[in-house]
Amino acid sequence: MSERITGHTQLVGLFATPIRHSISPQMQNEAFARLGLDYAYLAFEVGKAELPAAIQSIKTLEMRGANLSMPNKQLACDYMDHLSPAAKLAGAINTIVNDDGVLTGHITDGTGFMSSLQMNRIDIIGEQMTILGAGGAATAIIIQAALDGVKKISVFNAKDGFFASATEKMAEIQAETNCDIQLHDLAEVEKLAKEIATSAILVNATGVGMKPLEGQSLITDPELLRSDLVVADVIYTPSETALLKLAKEQGCQTLNGLGMLLGQGAAAFKLWTDQEMPIEEIKELLF
Ligand code: NAD
């Protein structure tokens, strides 16, 4: 008889749409099983219209918490009793923890990115980062990097809808941390070259490089990529984007977005269970 699910099993949900493609249920359930923890993680197709009731159900059903993805990350903040400092700055959450009916919202994408650097023995504390993009993933990374002690962050975004809101957001993050954060137009190619030249790491935090923009890269000049520059991409499908391929050819250390994905899941797992996810075992199993 299966003893994996019992009358005491605590439920964790994933509220997003579309959601059936997500690997988070396998990642979290495998980690619960490996550590012998009496939890179960299930995905629920939840859009903005269903979100208030779904969050209320965390309290009603005494669930341990939830993960959130598109399109719920920002709206969910309105239903939290508390927000972590990073979530407050981001104005978005991807993890909810229920402590006896009190809901706290966290954002673990940035923690996931920073822990993926640590796992690869890359230390950027006190250094400069250049990041392409100022959307959700980029903002989470910028906030955590600034909170962790990265000295300067040069953000490059196209003059699209994200640019105007990013101007205010970056000023807010700078005011709350000791980090010097500058937002530039991605079209300023000379400025981009100058900032990369003094950076320890270059991060692509846009969807350029994955479908439907697979094969494309915002950086095409190999001269910008010196061999001691770390080049990271938040994309994990494909596992090597055009940017990472170019960077590898220049001798740079490269990282795809898989470490960030596992890291954000591991950080949420720790918040629910107070245990470390066996990341390396889970990675081997899923990828
Ligand atoms: P978003 O919609 O919030 O932001 C999109 C960003 O990409 C903006 O900065 C926008 O200006 C930029 N952009 C889009 N098209 C562009 C183009 N043609 N040229 C230049 N810039 C362009 O999206 P997001 O949630 O921040 O996701 C961005 C990427 O990060 C996606 O590929 C997503 O899959 C990935 N992501 C990965 C993880 C992970 O765990 N590895 C987590 C979250 C997101």
# chains A, B, ... in the order shown; residues from 1 in each chain; ligands from 1
>>> residues_near_ligand(ligand="ligand 1", cutoff="6 Å", atoms="only C-alpha atoms and all ligand atoms", output="PyMOL selection string")
chain A and resi 133-138+157-158+160+162+205-208+234-235+257-258+260-261
>>> select_by_dssp(residues="segment 127-189 of chain A", states="alpha helix (DSSP H)", output="NGL selection string")
:A and (136-148 or 161-176 or 189)
>>> closest_residue(among="A:Glu190, A:Thr237, A:Leu37, A:Ala146", to="Asp274 of chain A", atoms="only C-alpha atoms")
A:Leu37
>>> closest_residue(among="A:Leu218, A:Phe156, A:Ile173, A:Lys211", to="Lys191 of chain A", atoms="only C-alpha atoms")
A:Phe156
>>> residues_around(residues="Glu240 of chain A", least_positions_apart="5", cutoff="9 Å", atoms="only C-alpha atoms", output="list in words")
Gly209, Asp233, Ile235, Lys245, Leu255 and Asn256 of chain A
>>> write_last_selection(atoms="all heavy atoms", output="mmCIF file, in the first residue's frame")
data_model
loop_
_atom_site.group_PDB
_atom_site.id
_atom_site.type_symbol
_atom_site.label_atom_id
_atom_site.label_comp_id
_atom_site.auth_asym_id
_atom_site.auth_seq_id
_atom_site.Cartn_x
_atom_site.Cartn_y
_atom_site.Cartn_z
ATOM 1 N N GLY A 209 16.484 34.657 -27.911
ATOM 2 C CA GLY A 209 17.340 33.471 -27.874
ATOM 3 C C GLY A 209 16.501 32.208 -27.737
ATOM 4 O O GLY A 209 16.985 31.109 -27.944
ATOM 5 N N ASP A 233 22.574 33.318 -19.186
ATOM 6 C CA ASP A 233 21.306 33.510 -19.879
ATOM 7 C C ASP A 233 20.215 32.940 -18.988
ATOM 8 O O ASP A 233 20.396 31.871 -18.400
ATOM 9 C CB ASP A 233 21.329 32.776 -21.242
ATOM 10 C CG ASP A 233 20.406 33.432 -22.241
ATOM 11 O OD1 ASP A 233 19.264 33.752 -21.853
ATOM 12 O OD2 ASP A 233 20.823 33.624 -23.404
ATOM 13 N N ILE A 235 17.493 31.900 -20.141
ATOM 14 C CA ILE A 235 16.820 30.886 -20.975
ATOM 15 C C ILE A 235 17.464 29.518 -20.739
ATOM 16 O O ILE A 235 18.686 29.419 -20.632
ATOM 17 C CB ILE A 235 16.942 31.294 -22.469
ATOM 18 C CG1 ILE A 235 16.167 32.595 -22.719
ATOM 19 C CG2 ILE A 235 16.471 30.175 -23.401
ATOM 20 C CD1 ILE A 235 16.415 33.225 -24.076
ATOM 21 N N LYS A 245 26.556 30.491 -27.070
ATOM 22 C CA LYS A 245 27.447 29.843 -28.047
ATOM 23 C C LYS A 245 28.590 30.804 -28.409
ATOM 24 O O LYS A 245 29.764 30.426 -28.391
ATOM 25 C CB LYS A 245 26.638 29.470 -29.291
ATOM 26 C CG LYS A 245 27.387 28.696 -30.334
ATOM 27 C CD LYS A 245 26.410 28.128 -31.373
ATOM 28 C CE LYS A 245 27.115 27.305 -32.423
ATOM 29 N NZ LYS A 245 27.927 28.104 -33.333
ATOM 30 N N LEU A 255 26.616 30.154 -18.430
ATOM 31 C CA LEU A 255 25.593 29.505 -17.597
ATOM 32 C C LEU A 255 24.247 29.693 -18.269
ATOM 33 O O LEU A 255 23.902 30.833 -18.614
ATOM 34 C CB LEU A 255 25.466 30.253 -16.273
ATOM 35 C CG LEU A 255 26.169 29.821 -15.030
ATOM 36 C CD1 LEU A 255 27.511 30.528 -14.990
ATOM 37 C CD2 LEU A 255 25.355 30.260 -13.845
ATOM 38 N N ASN A 256 23.473 28.638 -18.431
ATOM 39 C CA ASN A 256 22.110 28.834 -18.927
ATOM 40 C C ASN A 256 21.138 28.996 -17.747
ATOM 41 O O ASN A 256 21.549 29.020 -16.596
ATOM 42 C CB ASN A 256 21.697 27.722 -19.900
ATOM 43 C CG ASN A 256 21.538 26.376 -19.214
ATOM 44 O OD1 ASN A 256 21.395 26.301 -18.007
ATOM 45 N ND2 ASN A 256 21.556 25.312 -19.999
#
>>> residues_around(residues="Asn72 of chain A", least_positions_apart="2", cutoff="9 Å", atoms="only C-alpha atoms", output="list in words")
Phe15, Ala16, Thr17, Val46, Gly47, Lys48, Leu51, Leu68, Ser69, Met70, Gln74, Leu75, Ala76, Cys77, Ala92, Ile93 and Asn94 of chain A
>>> write_last_selection(atoms="C-alpha atoms", output="PDB file, in the first residue's frame")
ATOM      1  CA  PHE A  15      -1.348  28.594  -9.634  1.00  0.00           C
ATOM      2  CA  ALA A  16      -0.783  29.699 -13.227  1.00  0.00           C
ATOM      3  CA  THR A  17      -2.068  29.412 -16.771  1.00  0.00           C
ATOM      4  CA  VAL A  46      -5.546  29.424 -12.385  1.00  0.00           C
ATOM      5  CA  GLY A  47      -5.817  32.755 -14.213  1.00  0.00           C
ATOM      6  CA  LYS A  48      -6.434  36.247 -12.857  1.00  0.00           C
ATOM      7  CA  LEU A  51      -6.726  33.858  -8.337  1.00  0.00           C
ATOM      8  CA  LEU A  68       2.712  31.418  -8.806  1.00  0.00           C
ATOM      9  CA  SER A  69       3.605  32.030 -12.395  1.00  0.00           C
ATOM     10  CA  MET A  70       2.128  33.943 -15.342  1.00  0.00           C
ATOM     11  CA  GLN A  74       1.865  40.802  -9.528  1.00  0.00           C
ATOM     12  CA  LEU A  75      -1.847  40.548  -8.696  1.00  0.00           C
ATOM     13  CA  ALA A  76      -1.171  38.010  -5.933  1.00  0.00           C
ATOM     14  CA  CYS A  77       0.683  40.677  -3.891  1.00  0.00           C
ATOM     15  CA  ALA A  92       5.644  40.516  -7.609  1.00  0.00           C
ATOM     16  CA  ILE A  93       5.741  37.111  -5.892  1.00  0.00           C
ATOM     17  CA  ASN A  94       6.275  33.533  -7.038  1.00  0.00           C
TER      18      ASN A  94
END
>>> residues_around(residues="Ala247 of chain A", least_positions_apart="6", cutoff="10 Å", atoms="only C-alpha atoms", output="VMD selection string")
chain A and resid 219 to 220 222 to 227 229 to 232 241 253 to 254
>>> write_last_selection(atoms="N, CA and C atoms", output="compact mmCIF listing (two decimals), in the first residue's frame")
# COMPACT_ATOMS: atom_id res chain seq x y z
N ILE A 219 23.58 40.43 -28.40
CA ILE A 219 25.01 40.72 -28.57
C ILE A 219 25.51 39.89 -29.75
N THR A 220 26.04 40.59 -30.77
CA THR A 220 26.54 39.85 -31.93
C THR A 220 28.03 40.11 -32.18
N PRO A 222 31.61 39.68 -31.19
CA PRO A 222 32.41 38.84 -30.28
C PRO A 222 33.43 39.65 -29.48
N GLU A 223 33.82 40.81 -30.00
CA GLU A 223 34.84 41.64 -29.32
C GLU A 223 34.37 42.12 -27.95
N LEU A 224 33.04 42.13 -27.74
CA LEU A 224 32.52 42.60 -26.44
C LEU A 224 32.71 41.56 -25.35
N LEU A 225 33.00 40.31 -25.77
CA LEU A 225 33.01 39.21 -24.82
C LEU A 225 34.44 38.76 -24.52
N ARG A 226 35.08 39.43 -23.53
CA ARG A 226 36.45 39.03 -23.15
C ARG A 226 36.40 37.69 -22.41
N SER A 227 37.49 36.98 -22.45
CA SER A 227 37.46 35.60 -21.94
C SER A 227 37.23 35.51 -20.44
N LEU A 229 35.03 37.29 -18.83
CA LEU A 229 33.66 37.73 -18.54
C LEU A 229 32.79 36.48 -18.36
N VAL A 230 31.97 36.45 -17.29
CA VAL A 230 30.98 35.38 -17.15
C VAL A 230 29.75 35.80 -17.95
N VAL A 231 29.20 34.90 -18.76
CA VAL A 231 27.99 35.22 -19.54
C VAL A 231 26.88 34.25 -19.15
N ALA A 232 25.78 34.82 -18.64
CA ALA A 232 24.65 34.00 -18.17
C ALA A 232 23.40 34.33 -18.97
N THR A 241 21.92 29.12 -25.92
CA THR A 241 21.39 30.16 -26.82
C THR A 241 22.52 30.65 -27.73
N GLN A 253 33.22 31.84 -19.40
CA GLN A 253 32.44 30.86 -18.63
C GLN A 253 30.96 31.18 -18.88
N THR A 254 30.17 30.16 -19.20
CA THR A 254 28.76 30.42 -19.53
C THR A 254 27.83 29.61 -18.62
>>> closest_residue(among="A:Thr9, A:Ser22, A:Ser239, A:Gln28", to="Pro278 of chain A", atoms="only C-alpha atoms")
A:Gln28
>>> closest_residue(among="A:Leu192, A:Ala268, A:Leu186, A:Leu61", to="Gly105 of chain A", atoms="only C-alpha atoms")
A:Ala268
>>> select_by_dssp(residues="segment 72-220 of chain A", states="strand (DSSP E)", output="ChimeraX atom specification")
/A:82-83,95-99,102-106,128-132,152-157,180-185,201-204
>>> closest_residue(among="A:Gln10, A:Gln128, A:Thr60, A:Thr104", to="Leu83 of chain A", atoms="only C-alpha atoms")
A:Thr104
>>> closest_residue(among="A:Lys73, A:Arg20, A:His184, A:His8", to="Asp109 of chain A", atoms="only C-alpha atoms")
A:Lys73
>>> atom_distance(atom1="atom CA of Ile141 of chain A", atom2="atom CA of Pro212 of chain A")
23.3 Å
>>> atom_distance(atom1="atom CA of Met129 of chain A", atom2="atom CA of Ile282 of chain A")
29.1 Å
>>> residues_around(residues="Ile55 of chain A", least_positions_apart="3", cutoff="10 Å", atoms="only C-alpha atoms", output="PyMOL selection string")
chain A and resi 13+15+50-52+58-60+63+65-66+76+79-80+96+103
>>> write_last_selection(atoms="N, CA and C atoms", output="JSON list (two decimals), in the first residue's frame")
[["chain", "number", "residue", "atom", "x", "y", "z"],
["A", 13, "GLY", "N", 0.42, 24.19, -3.82],
["A", 13, "GLY", "CA", -0.17, 24.34, -5.15],
["A", 13, "GLY", "C", 0.70, 25.17, -6.08],
["A", 15, "PHE", "N", -0.22, 27.88, -9.03],
["A", 15, "PHE", "CA", -1.35, 28.59, -9.63],
["A", 15, "PHE", "C", -0.85, 29.41, -10.83],
["A", 50, "GLU", "N", -9.58, 33.56, -11.38],
["A", 50, "GLU", "CA", -9.70, 32.53, -10.33],
["A", 50, "GLU", "C", -8.75, 32.79, -9.15],
["A", 51, "LEU", "N", -7.81, 33.72, -9.33],
["A", 51, "LEU", "CA", -6.73, 33.86, -8.34],
["A", 51, "LEU", "C", -7.21, 34.18, -6.91],
["A", 52, "PRO", "N", -8.13, 35.15, -6.73],
["A", 52, "PRO", "CA", -8.55, 35.44, -5.34],
["A", 52, "PRO", "C", -9.09, 34.21, -4.63],
["A", 58, "ILE", "N", -5.94, 28.51, 0.03],
["A", 58, "ILE", "CA", -4.72, 28.16, 0.79],
["A", 58, "ILE", "C", -5.05, 28.20, 2.28],
["A", 59, "LYS", "N", -5.82, 29.24, 2.66],
["A", 59, "LYS", "CA", -6.20, 29.36, 4.08],
["A", 59, "LYS", "C", -7.28, 28.33, 4.42],
["A", 60, "THR", "N", -8.30, 28.24, 3.56],
["A", 60, "THR", "CA", -9.44, 27.35, 3.85],
["A", 60, "THR", "C", -8.99, 25.90, 3.99],
["A", 63, "MET", "N", -3.47, 24.71, 3.32],
["A", 63, "MET", "CA", -2.33, 24.31, 2.48],
["A", 63, "MET", "C", -1.05, 24.94, 3.05],
["A", 65, "GLY", "N", 1.28, 26.22, 1.17],
["A", 65, "GLY", "CA", 1.60, 27.40, 0.37],
["A", 65, "GLY", "C", 1.40, 27.13, -1.10],
["A", 66, "ALA", "N", 2.06, 27.96, -1.93],
["A", 66, "ALA", "CA", 1.88, 27.82, -3.38],
["A", 66, "ALA", "C", 3.03, 28.50, -4.10],
["A", 76, "ALA", "N", -1.15, 38.78, -7.19],
["A", 76, "ALA", "CA", -1.17, 38.01, -5.93],
["A", 76, "ALA", "C", -0.69, 38.84, -4.74],
["A", 79, "TYR", "N", -3.14, 40.13, -2.11],
["A", 79, "TYR", "CA", -3.84, 39.20, -1.22],
["A", 79, "TYR", "C", -2.94, 38.66, -0.11],
["A", 80, "MET", "N", -1.71, 39.20, 0.00],
["A", 80, "MET", "CA", -0.79, 38.71, 1.02],
["A", 80, "MET", "C", -0.94, 39.50, 2.32],
["A", 96, "ILE", "N", 4.19, 31.53, -2.04],
["A", 96, "ILE", "CA", 3.38, 31.91, -0.86],
["A", 96, "ILE", "C", 3.65, 30.88, 0.23],
["A", 103, "LEU", "N", -0.45, 34.64, 5.41],
["A", 103, "LEU", "CA", 0.22, 34.40, 4.12],
["A", 103, "LEU", "C", 1.34, 35.41, 3.88]]
